[in-house]
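Quick look at model-v6.txt (compact mmCIF, C-alpha atoms):
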# COMPACT_ATOMS: atom_id res chain seq x y z
CA MET V 1 51.15 78.27 135.45
CA SER V 2 52.74 79.30 132.15
CA ASN V 3 54.49 76.82 129.94
CA LEU V 4 57.86 78.21 131.12
CA HIS V 5 58.28 77.15 134.73
CA VAL V 6 60.67 75.87 137.40
CA HIS V 7 61.07 72.10 137.10
CA ALA V 8 63.54 71.64 139.98
CA LEU V 9 65.65 73.52 142.51
CA HIS V 10 69.02 72.40 143.86
CA VAL V 11 71.05 73.56 146.86
CA HIS V 12 74.59 72.26 147.46
CA PRO V 13 75.65 73.22 151.00
CA VAL V 14 79.23 71.96 150.47
CA LYS V 15 80.94 72.85 147.21
CA SER V 16 81.31 69.80 144.90
CA VAL V 17 79.29 67.56 147.24
CA ALA V 18 75.75 66.36 146.48
CA GLY V 19 73.01 68.45 148.03
CA ILE V 20 69.23 68.63 148.29
CA ALA V 21 66.30 69.42 145.98
CA PRO V 22 63.88 71.59 147.98
CA ASP V 23 60.39 72.55 146.82
CA ALA V 24 61.06 76.18 147.75
CA VAL V 25 64.08 78.23 148.75
CA ALA V 26 64.88 81.85 149.54
CA VAL V 27 67.04 83.87 147.17
CA GLU V 28 69.83 85.79 148.91
CA PRO V 29 72.10 88.37 147.25
CA TRP V 30 74.89 85.76 146.88
CA GLY V 31 72.70 82.82 145.75
CA LEU V 32 70.10 80.38 147.03
CA SER V 33 69.93 80.19 150.80
CA GLY V 34 72.57 77.78 152.09
CA ASP V 35 74.12 77.08 148.71
CA ARG V 36 77.90 76.56 148.61
CA ARG V 37 78.71 78.21 151.92
CA TRP V 38 81.18 75.41 152.75
CA ALA V 39 84.19 74.08 150.81
CA LEU V 40 87.05 71.70 151.39
CA VAL V 41 90.60 73.03 151.21
CA ASP V 42 93.98 71.30 151.08
CA THR V 43 96.99 71.94 153.30
CA GLU V 44 97.95 74.94 151.15
CA GLY V 45 94.51 76.53 151.48
CA MET V 46 93.47 75.72 147.90
CA VAL V 47 89.80 74.87 147.43
CA ILE V 48 89.26 71.21 146.51
CA THR V 49 86.46 70.22 144.12
CA GLN V 50 85.53 67.22 142.01
CA ARG V 51 88.20 68.41 139.60
CA GLN V 52 90.82 67.04 142.00
CA GLN V 53 88.66 64.59 143.98
CA PRO V 54 85.87 63.04 141.88
CA ARG V 55 84.80 60.90 144.87
CA LEU V 56 83.25 64.03 146.35
CA ALA V 57 80.35 63.27 144.00
CA LEU V 58 79.41 60.32 146.22
CA ALA V 59 79.30 62.39 149.41
CA SER V 60 76.26 64.45 150.32
CA ALA V 61 75.33 67.29 152.64
CA ARG V 62 71.99 68.49 153.94
CA PRO V 63 71.16 71.55 156.03
CA LEU V 64 69.78 71.07 159.53
CA GLY V 65 69.03 74.69 160.41
CA ASP V 66 71.00 77.20 162.48
CA GLY V 67 73.86 76.87 160.01
CA ARG V 68 74.42 73.18 160.80
CA ILE V 69 74.85 70.55 158.11
CA ALA V 70 74.88 66.74 158.12
CA VAL V 71 77.41 65.08 155.82
CA SER V 72 77.40 61.47 154.68
CA ALA V 73 79.42 59.29 152.29
CA PRO V 74 79.82 55.61 151.44
CA GLY V 75 81.41 53.72 154.31
CA MET V 76 81.20 56.71 156.66
CA ALA V 77 78.90 57.39 159.59
CA GLU V 78 76.91 60.60 159.19
CA LEU V 79 78.52 63.62 160.84
CA VAL V 80 76.79 66.77 162.03
CA VAL V 81 78.93 69.88 161.54
CA GLU V 82 78.21 73.10 163.38
CA ALA V 83 78.75 76.42 161.64
CA PRO V 84 81.90 77.79 163.28
CA GLY V 85 81.37 80.77 165.55
CA PRO V 86 83.32 84.01 165.34
CA GLY V 87 86.97 83.19 165.01
CA PRO V 88 90.12 84.05 163.12
CA LEU V 89 89.58 84.47 159.41
CA GLU V 90 91.67 82.27 157.17
CA PRO V 91 92.14 82.95 153.46
CA VAL V 92 91.45 80.14 151.01
CA VAL V 93 92.14 80.28 147.29
CA LEU V 94 89.57 79.61 144.56
CA PHE V 95 90.66 80.20 140.95
CA GLY V 96 93.45 82.45 142.17
CA GLN V 97 91.13 84.59 144.30
CA LYS V 98 91.70 84.79 148.05
CA ILE V 99 88.51 84.46 150.08
CA GLU V 100 88.32 84.86 153.84
CA THR V 101 86.64 81.96 155.65
CA VAL V 102 86.37 80.38 159.09
CA ILE V 103 87.66 76.83 159.51
CA ALA V 104 85.24 74.24 160.93
CA ALA V 105 86.00 71.99 163.89
CA ASP V 106 88.71 69.34 163.62
CA ALA V 107 86.09 66.56 163.51
CA ALA V 108 85.02 67.71 160.03
CA ALA V 109 88.61 67.68 158.80
CA ALA V 110 89.13 64.19 160.19
CA TRP V 111 85.90 62.90 158.64
CA PHE V 112 86.59 64.21 155.13
CA GLY V 113 90.27 63.31 155.41
CA GLU V 114 89.40 59.70 156.22
CA TYR V 115 86.93 59.56 153.33
CA LEU V 116 89.24 61.08 150.71
CA GLY V 117 92.50 59.67 152.03
CA VAL V 118 94.23 63.05 151.96
CA PRO V 119 94.56 65.81 154.59
CA VAL V 120 91.83 68.44 154.15
CA ARG V 121 89.94 71.02 156.17
CA LEU V 122 86.37 72.26 155.88
CA ALA V 123 86.04 76.03 155.43
CA TYR V 124 82.90 78.10 155.99
CA MET V 125 81.99 81.45 154.43
CA ASP V 126 80.55 83.21 157.46
CA ASP V 127 79.54 86.50 155.81
CA PRO V 128 79.02 86.40 152.03
CA ALA V 129 77.93 90.04 152.06
CA VAL V 130 81.54 91.19 152.43
CA ARG V 131 83.70 88.18 151.62
CA ARG V 132 83.76 87.86 147.82
CA PRO V 133 82.68 90.15 144.94
CA VAL V 134 81.30 88.84 141.66
CA ASP V 135 83.60 89.09 138.61
CA PRO V 136 83.82 92.87 138.00
CA ASP V 137 83.61 92.30 134.24
CA TYR V 138 79.98 91.23 134.71
CA ALA V 139 78.93 92.53 138.14
CA LEU V 140 77.40 95.72 139.41
CA PRO V 141 79.05 97.41 142.39
CA GLY V 142 78.40 95.57 145.65
CA GLU V 143 77.29 92.26 144.14
CA THR V 144 78.75 89.27 145.99
CA VAL V 145 78.87 85.51 145.59
CA SER V 146 79.25 82.47 147.86
CA LEU V 147 81.85 79.74 147.27
CA ALA V 148 80.28 78.93 143.90
CA ASP V 149 82.77 78.99 141.03
CA ALA V 150 81.91 82.49 139.85
CA TYR V 151 78.26 83.62 140.05
CA PRO V 152 75.39 83.34 142.55
CA LEU V 153 73.10 81.01 140.57
CA LEU V 154 73.26 78.64 137.62
CA LEU V 155 70.16 78.04 135.48
CA THR V 156 69.72 75.18 133.02
CA THR V 157 66.80 73.98 130.91
CA LEU V 158 65.42 70.53 130.19
CA ALA V 159 65.19 71.30 126.47
CA SER V 160 68.88 72.15 126.22
CA LEU V 161 69.82 68.92 128.01
CA GLU V 162 67.62 66.97 125.61
CA ALA V 163 69.27 68.70 122.64
CA LEU V 164 72.74 68.03 124.04
CA ASN V 165 71.93 64.37 124.62
CA SER V 166 70.69 64.10 121.05
CA LEU V 167 74.03 65.46 119.84
CA ILE V 168 75.90 63.00 122.08
CA THR V 169 74.05 60.04 120.57
CA ARG V 170 75.34 61.11 117.13
CA GLY V 171 78.89 61.78 118.33
CA GLY V 172 81.96 59.71 119.05
CA HIS V 173 80.87 58.45 122.50
CA PRO V 174 77.15 57.63 122.23
CA GLU V 175 77.48 54.94 124.91
CA GLU V 176 78.00 57.67 127.51
CA GLY V 177 74.58 59.22 126.97
CA PRO V 178 72.02 60.24 127.84
CA LEU V 179 73.48 62.38 130.62
CA PRO V 180 71.37 63.41 133.64
CA MET V 181 71.05 67.02 134.71
CA ASN V 182 73.11 66.44 137.87
CA ARG V 183 76.26 66.41 135.74
CA PHE V 184 75.85 70.20 135.52
CA ARG V 185 75.02 70.90 139.20
CA PRO V 186 72.49 73.67 138.50
CA ASN V 187 70.49 75.67 141.03
CA VAL V 188 67.40 76.22 138.89
CA VAL V 189 66.13 73.85 136.18
CA VAL V 190 63.52 75.28 133.81
CA ALA V 191 60.95 73.36 131.77
CA GLY V 192 58.97 74.60 128.79
CA ALA V 193 61.71 76.52 126.99
CA GLU V 194 63.12 75.89 123.55
CA ALA V 195 66.61 74.41 123.42
CA TRP V 196 69.33 77.00 124.06
CA ALA V 197 66.76 79.79 124.57
CA GLU V 198 68.48 80.64 127.88
CA ASP V 199 71.49 81.97 125.94
CA GLY V 200 69.51 85.15 125.30
CA TRP V 201 67.85 85.63 128.68
CA ARG V 202 69.17 88.94 129.99
CA ARG V 203 66.59 89.56 132.72
CA LEU V 204 64.01 87.20 134.19
CA ALA V 205 61.65 86.84 137.13
CA ILE V 206 60.86 83.68 139.08
CA GLY V 207 58.29 83.86 141.84
CA ASP V 208 58.85 87.19 143.55
CA ALA V 209 62.57 87.25 142.77
CA GLU V 210 64.28 88.80 139.76
CA PHE V 211 67.65 88.07 138.14
CA ARG V 212 70.11 89.33 135.58
CA GLY V 213 71.32 86.75 133.11
CA VAL V 214 74.95 87.76 132.86
CA ARG V 215 76.66 85.16 130.67
CA GLU V 216 76.89 81.53 129.57
CA CYS V 217 78.38 78.96 131.93
CA GLY V 218 81.68 77.53 130.73
CA ARG V 219 81.91 73.85 131.61
CA CYS V 220 84.84 71.86 133.02
CA VAL V 221 85.91 68.27 133.71
CA VAL V 222 83.39 67.96 136.57
CA THR V 223 80.66 67.48 133.95
CA THR V 224 82.40 64.30 132.75
CA THR V 225 82.13 62.76 136.24
CA ASP V 226 79.27 60.30 136.78
CA GLN V 227 77.67 61.59 139.99
CA ARG V 228 76.59 58.05 140.96
CA THR V 229 79.93 56.28 140.48
CA ALA V 230 82.58 59.07 140.42
CA GLU V 231 83.92 57.58 137.17
CA ARG V 232 84.96 59.92 134.38
CA GLY V 233 84.25 59.79 130.67
CA LYS V 234 84.62 62.10 127.67
CA GLU V 235 81.14 63.60 127.54
CA PRO V 236 79.71 66.19 127.49
CA LEU V 237 82.93 68.11 126.85
CA LYS V 238 83.64 66.45 123.51
CA THR V 239 80.20 67.36 122.20
CA LEU V 240 80.18 70.85 123.73
CA ALA V 241 83.55 71.56 122.12
CA LYS V 242 82.09 70.70 118.72
CA HIS V 243 78.66 72.31 119.00
CA ARG V 244 78.58 74.78 121.92
CA ARG V 245 81.78 76.78 121.92
CA ILE V 246 81.00 80.40 122.84
CA GLY V 247 84.18 82.43 122.91
CA LYS V 248 86.53 80.42 125.11
CA SER V 249 83.68 78.60 126.89
CA LEU V 250 82.20 75.17 126.29
CA ALA V 251 78.78 76.45 127.20
CA PHE V 252 75.84 74.87 128.98
CA GLY V 253 73.54 76.92 131.21
CA ARG V 254 73.17 80.57 132.15
CA GLN V 255 74.79 82.40 135.06
CA LEU V 256 72.41 84.57 137.11
CA VAL V 257 72.82 87.40 139.61
CA PRO V 258 69.84 88.33 141.84
CA VAL V 259 68.53 91.89 141.51
CA ARG V 260 65.37 91.45 143.61
CA LEU V 261 65.21 88.98 146.47
CA GLY V 262 62.34 86.68 147.29
CA THR V 263 61.42 83.00 147.29
CA VAL V 264 61.45 80.64 144.33
CA ARG V 265 59.38 77.47 144.20
CA VAL V 266 59.10 74.39 142.02
CA GLY V 267 56.28 75.12 139.58
CA ASP V 268 56.80 78.90 139.61
CA GLU V 269 56.30 80.68 136.31
CA VAL V 270 59.53 81.92 134.72
CA ARG V 271 58.96 85.31 133.10
CA ILE V 272 61.48 86.57 130.58
CA LEU V 273 61.68 90.36 130.98
CA GLU V 274 64.50 91.06 128.54

Translate the structure described by the file into structure tokens.
Amino acid sequence: MSNLHVHALHVHPVKSVAGIAPDAVAVEPWGLSGDRRWALVDTEGMVITQRQQPRLALASARPLGDGRIAVSAPGMAELVVEAPGPGPLEPVVLFGQKIETVIAADAAAAWFGEYLGVPVRLAYMDDPAVRRPVDPDYALPGETVSLADAYPLLLTTLASLEALNSLITRGGHPEEGPLPMNRFRPNVVVAGAEAWAEDGWRRLAIGDAEFRGVRECGRCVVTTTDQRTAERGKEPLKTLAKHRRIGKSLAFGRQLVPVRLGTVRVGDEVRILE
């Protein structure tokens, strides 16, 4: 194993809800298998995330196979949700983009509605291959993405988190640090790199899969939400604004698009090709 290797993998079946950390996972054209195929929507069809509902951080979802997931949250009995079968497509809106989905059974809406205290529904992306293209400013023709914010995968590095935490300790809110990696909800966490090295990774291979590194990841208020308590602070956005502003983005992490499919595993060598 080279010094540059996969430290952890993360799959979030439901957008903005805690997920799982598998030892290995298949890479699909639109992201890691099972990642962000489900999302909550409000009565107007707008996707709901921790931006609007920070208590989603305390809920979790795990895949059960055959498209099923089990969801749990404080004070709630676990619920098994079946992937909805063929049915009428219903558009939901994420960052102004309409995405066709299938709505899950009423039991899922009732469960999440009781937990959050607002009416919601659970939407499922049944066919990512045709449902949503990647941002055309950065994508190649035919590239698609799940219900992730913008790109199929997010990569972060331990060294960059350590460097960021060092900056936080010298900033205006040192009591908020050090921050854990789950603030950034990555798919792939890499060990052995130098801090911020990922900014320049244009093409890389992990296991038998290969990826394009398309751009930095601009961070939002979700990163200020403690994933254990759902409470919000000021960091890391205050420190990123001072030290990691790239164009209009407060940057942490690298957005990836798969170019060769395969399986990635914890411990896999990460090979920088370009």

Identify, on the basis of all atoms listed in the file, every residue whose closest approach to Phe95 in chain V does not exceed 10 Å; exclude the query and any residue fewer than 4 positions from it along the same chain; express the result as a list in words. Met46, Val47, Asp149 and Ala150 of chain V

In Å, how far is it from CA of Glu90 in chain V to CA of Arg37 in chain V?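 Going from CA of Glu90 in chain V over to CA of Arg37 in chain V, I get 14.6 Å.
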
Computed interatomic separation between CA of Arg215 in chain V and CA of Trp30 in chain V (Å):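 Interatomic distance, CA of Arg215 in chain V to CA of Trp30 in chain V: 16.3 Å.
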
Pick out the residues sitting within 12 Å of Gly213 in chain V, and hand them over as a list in words; count all atoms listed in the file, and ignore anything fewer than 5 positions along from it in its own chain.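 The neighbour list is Tyr138, Ala139, Tyr151, Pro152, Leu153, Leu154, Leu155, Thr156, Ala197, Glu198, Asp199, Gly200, Trp201, Arg202, Arg203, Leu204, Ala205, Gly253, Arg254, Gln255, Leu256, Val257, Pro258, Val259, Ile272, Leu273 and Glu274 of chain V.
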
Point-to-point distance from CA of Glu44 in chain V to CA of Leu89 in chain V, Å rounded to tenths: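 So the two atoms, CA of Glu44 in chain V and CA of Leu89 in chain V, lie 15.1 Å apart.
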
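Counting all atoms listed in the file and comparing V:Glu143, V:Asp226, V:Asp208, V:Glu194, the residue that lies closest to Pro29 in chain V is V:Glu143.
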
Range 2-7 of chain V: which residues within 9 Å, counting all atoms listed in the file, same-chain residues fewer than 2 positions away excluded, as a ChimeraX atom specification? /V:9,157-158,188-193,206,264-271

Residue nearest Ile103 in chain V - candidates V:Asp42, V:Asp66, V:Asp23, V:Asp35, atoms counted: all atoms listed in the file: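 Looking at the shortest contact to Ile103 in chain V, the residue is V:Asp42.
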
Name all residues at most 9 Å from Ile99 in chain V (count only C-alpha atoms; drop same-chain ones fewer than 4 positions away) and give them as an MDAnalysis selection string. chainID V and resid 90:94 125 131:132 147

When you look at Thr223 in chain V with a cut-off of 10 Å (counting only C-alpha atoms), what residues show up, excluding the ones that are within fewer than 4 positions of it in the same chain? I need them as a ChimeraX atom specification. /V:50-51,179,181-185,219,227,232-237

Among V:Met76, V:Ile20, V:Gly87, V:Val120, Ala39 in chain V is approached most closely, using all atoms listed in the file, by V:Val120

Draw an axis-aligned box tight on the listed atoms of range 164-171 of chain V, then pad every side by 4 Å and write out centre and edge lengths in Å to one decimal as lines of an AutoDock Vina configuration file.
center_x = 74.8
center_y = 64.0
center_z = 120.9
size_x = 16.2
size_y = 16.0
size_z = 15.5

Using only C-alpha atoms and a cutoff of 10 Å, can you tell me which residues are near (64.6, 72.6, 152.6) in the file's coordinates, and write them out as a PDB file with C-alpha atoms, in the frame of the given file?
ATOM      1  CA  HIS V  10      69.020  72.400 143.860  1.00  0.00           C
ATOM      2  CA  VAL V  11      71.050  73.560 146.860  1.00  0.00           C
ATOM      3  CA  ILE V  20      69.230  68.630 148.290  1.00  0.00           C
ATOM      4  CA  ALA V  21      66.300  69.420 145.980  1.00  0.00           C
ATOM      5  CA  PRO V  22      63.880  71.590 147.980  1.00  0.00           C
ATOM      6  CA  ASP V  23      60.390  72.550 146.820  1.00  0.00           C
ATOM      7  CA  ALA V  24      61.060  76.180 147.750  1.00  0.00           C
ATOM      8  CA  VAL V  25      64.080  78.230 148.750  1.00  0.00           C
ATOM      9  CA  ALA V  26      64.880  81.850 149.540  1.00  0.00           C
ATOM     10  CA  SER V  33      69.930  80.190 150.800  1.00  0.00           C
ATOM     11  CA  GLY V  34      72.570  77.780 152.090  1.00  0.00           C
ATOM     12  CA  ARG V  62      71.990  68.490 153.940  1.00  0.00           C
ATOM     13  CA  PRO V  63      71.160  71.550 156.030  1.00  0.00           C
ATOM     14  CA  LEU V  64      69.780  71.070 159.530  1.00  0.00           C
ATOM     15  CA  GLY V  65      69.030  74.690 160.410  1.00  0.00           C
TER      16      GLY V  65
END

Using all atoms listed in the file, pick whichever of V:Leu56, V:Ala195, V:Leu261, V:Ala251 has the shortest atom-to-atom distance to Leu116 in chain V.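 Result for the nearest residue to Leu116 in chain V: V:Leu56.
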
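Among the candidates V:Phe112, V:Val81, V:Ile168, V:Pro133, the one nearest to Gln97 in chain V when counting all atoms listed in the file is V:Pro133.
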
All heavy atoms for range 125-136 of chain V, written as a compact mmCIF listing (two decimals), keeping the file's coordinate frame, could you do that?
# COMPACT_ATOMS: atom_id res chain seq x y z
N MET V 125 82.12 80.02 154.72
CA MET V 125 81.99 81.45 154.43
C MET V 125 80.97 82.03 155.40
O MET V 125 79.76 81.83 155.25
CB MET V 125 81.57 81.68 152.99
CG MET V 125 81.44 83.15 152.64
SD MET V 125 80.94 83.44 150.92
CE MET V 125 82.54 83.36 150.11
N ASP V 126 81.44 82.74 156.41
CA ASP V 126 80.55 83.21 157.46
C ASP V 126 79.73 84.42 157.06
O ASP V 126 78.61 84.60 157.52
CB ASP V 126 81.36 83.53 158.72
CG ASP V 126 82.37 84.64 158.49
OD1 ASP V 126 82.88 84.77 157.36
OD2 ASP V 126 82.66 85.40 159.44
N ASP V 127 80.24 85.26 156.16
CA ASP V 127 79.54 86.50 155.81
C ASP V 127 79.71 86.79 154.33
O ASP V 127 80.58 87.57 153.93
CB ASP V 127 80.08 87.65 156.65
CG ASP V 127 79.25 88.93 156.49
OD1 ASP V 127 78.28 88.91 155.71
OD2 ASP V 127 79.58 89.94 157.14
N PRO V 128 78.87 86.18 153.48
CA PRO V 128 79.02 86.40 152.03
C PRO V 128 78.84 87.85 151.61
O PRO V 128 79.31 88.24 150.54
CB PRO V 128 77.91 85.52 151.43
CG PRO V 128 77.57 84.52 152.49
CD PRO V 128 77.80 85.24 153.79
N ALA V 129 78.18 88.65 152.44
CA ALA V 129 77.93 90.04 152.06
C ALA V 129 79.22 90.84 151.86
O ALA V 129 79.24 91.83 151.13
CB ALA V 129 77.06 90.72 153.12
N VAL V 130 80.30 90.41 152.52
CA VAL V 130 81.54 91.19 152.43
C VAL V 130 82.73 90.35 151.99
O VAL V 130 83.82 90.88 151.80
CB VAL V 130 81.87 91.85 153.79
CG1 VAL V 130 80.77 92.80 154.20
CG2 VAL V 130 82.08 90.80 154.88
N ARG V 131 82.55 89.05 151.81
CA ARG V 131 83.70 88.18 151.62
C ARG V 131 84.21 88.10 150.18
O ARG V 131 85.39 87.95 149.94
CB ARG V 131 83.38 86.77 152.11
CG ARG V 131 83.15 86.69 153.61
CD ARG V 131 84.45 86.84 154.38
NE ARG V 131 84.21 86.83 155.82
CZ ARG V 131 84.49 87.83 156.62
NH1 ARG V 131 85.02 88.93 156.15
NH2 ARG V 131 84.24 87.74 157.91
N ARG V 132 83.31 88.16 149.17
CA ARG V 132 83.76 87.86 147.82
C ARG V 132 82.90 88.56 146.77
O ARG V 132 81.72 88.26 146.61
CB ARG V 132 83.72 86.35 147.58
CG ARG V 132 84.29 85.92 146.24
CD ARG V 132 84.08 84.45 146.04
NE ARG V 132 84.58 84.02 144.76
CZ ARG V 132 84.14 82.96 144.10
NH1 ARG V 132 83.19 82.21 144.62
NH2 ARG V 132 84.65 82.64 142.93
N PRO V 133 83.45 89.49 145.99
CA PRO V 133 82.68 90.15 144.94
C PRO V 133 82.54 89.26 143.70
O PRO V 133 83.37 88.39 143.44
CB PRO V 133 83.52 91.39 144.62
CG PRO V 133 84.92 90.97 144.93
CD PRO V 133 84.82 90.04 146.11
N VAL V 134 81.47 89.49 142.95
CA VAL V 134 81.30 88.84 141.66
C VAL V 134 82.31 89.43 140.68
O VAL V 134 82.76 90.58 140.82
CB VAL V 134 79.85 89.05 141.16
CG1 VAL V 134 79.65 88.47 139.76
CG2 VAL V 134 78.86 88.41 142.14
N ASP V 135 82.68 88.66 139.67
CA ASP V 135 83.60 89.09 138.61
C ASP V 135 83.24 90.51 138.15
O ASP V 135 82.15 90.75 137.64
CB ASP V 135 83.50 88.12 137.44
CG ASP V 135 84.46 88.44 136.31
OD1 ASP V 135 85.03 89.54 136.28
OD2 ASP V 135 84.64 87.57 135.44
N PRO V 136 84.15 91.49 138.34
CA PRO V 136 83.82 92.87 138.00
C PRO V 136 83.53 93.10 136.53
O PRO V 136 82.92 94.11 136.17
CB PRO V 136 85.07 93.65 138.46
CG PRO V 136 86.16 92.64 138.52
CD PRO V 136 85.50 91.35 138.90
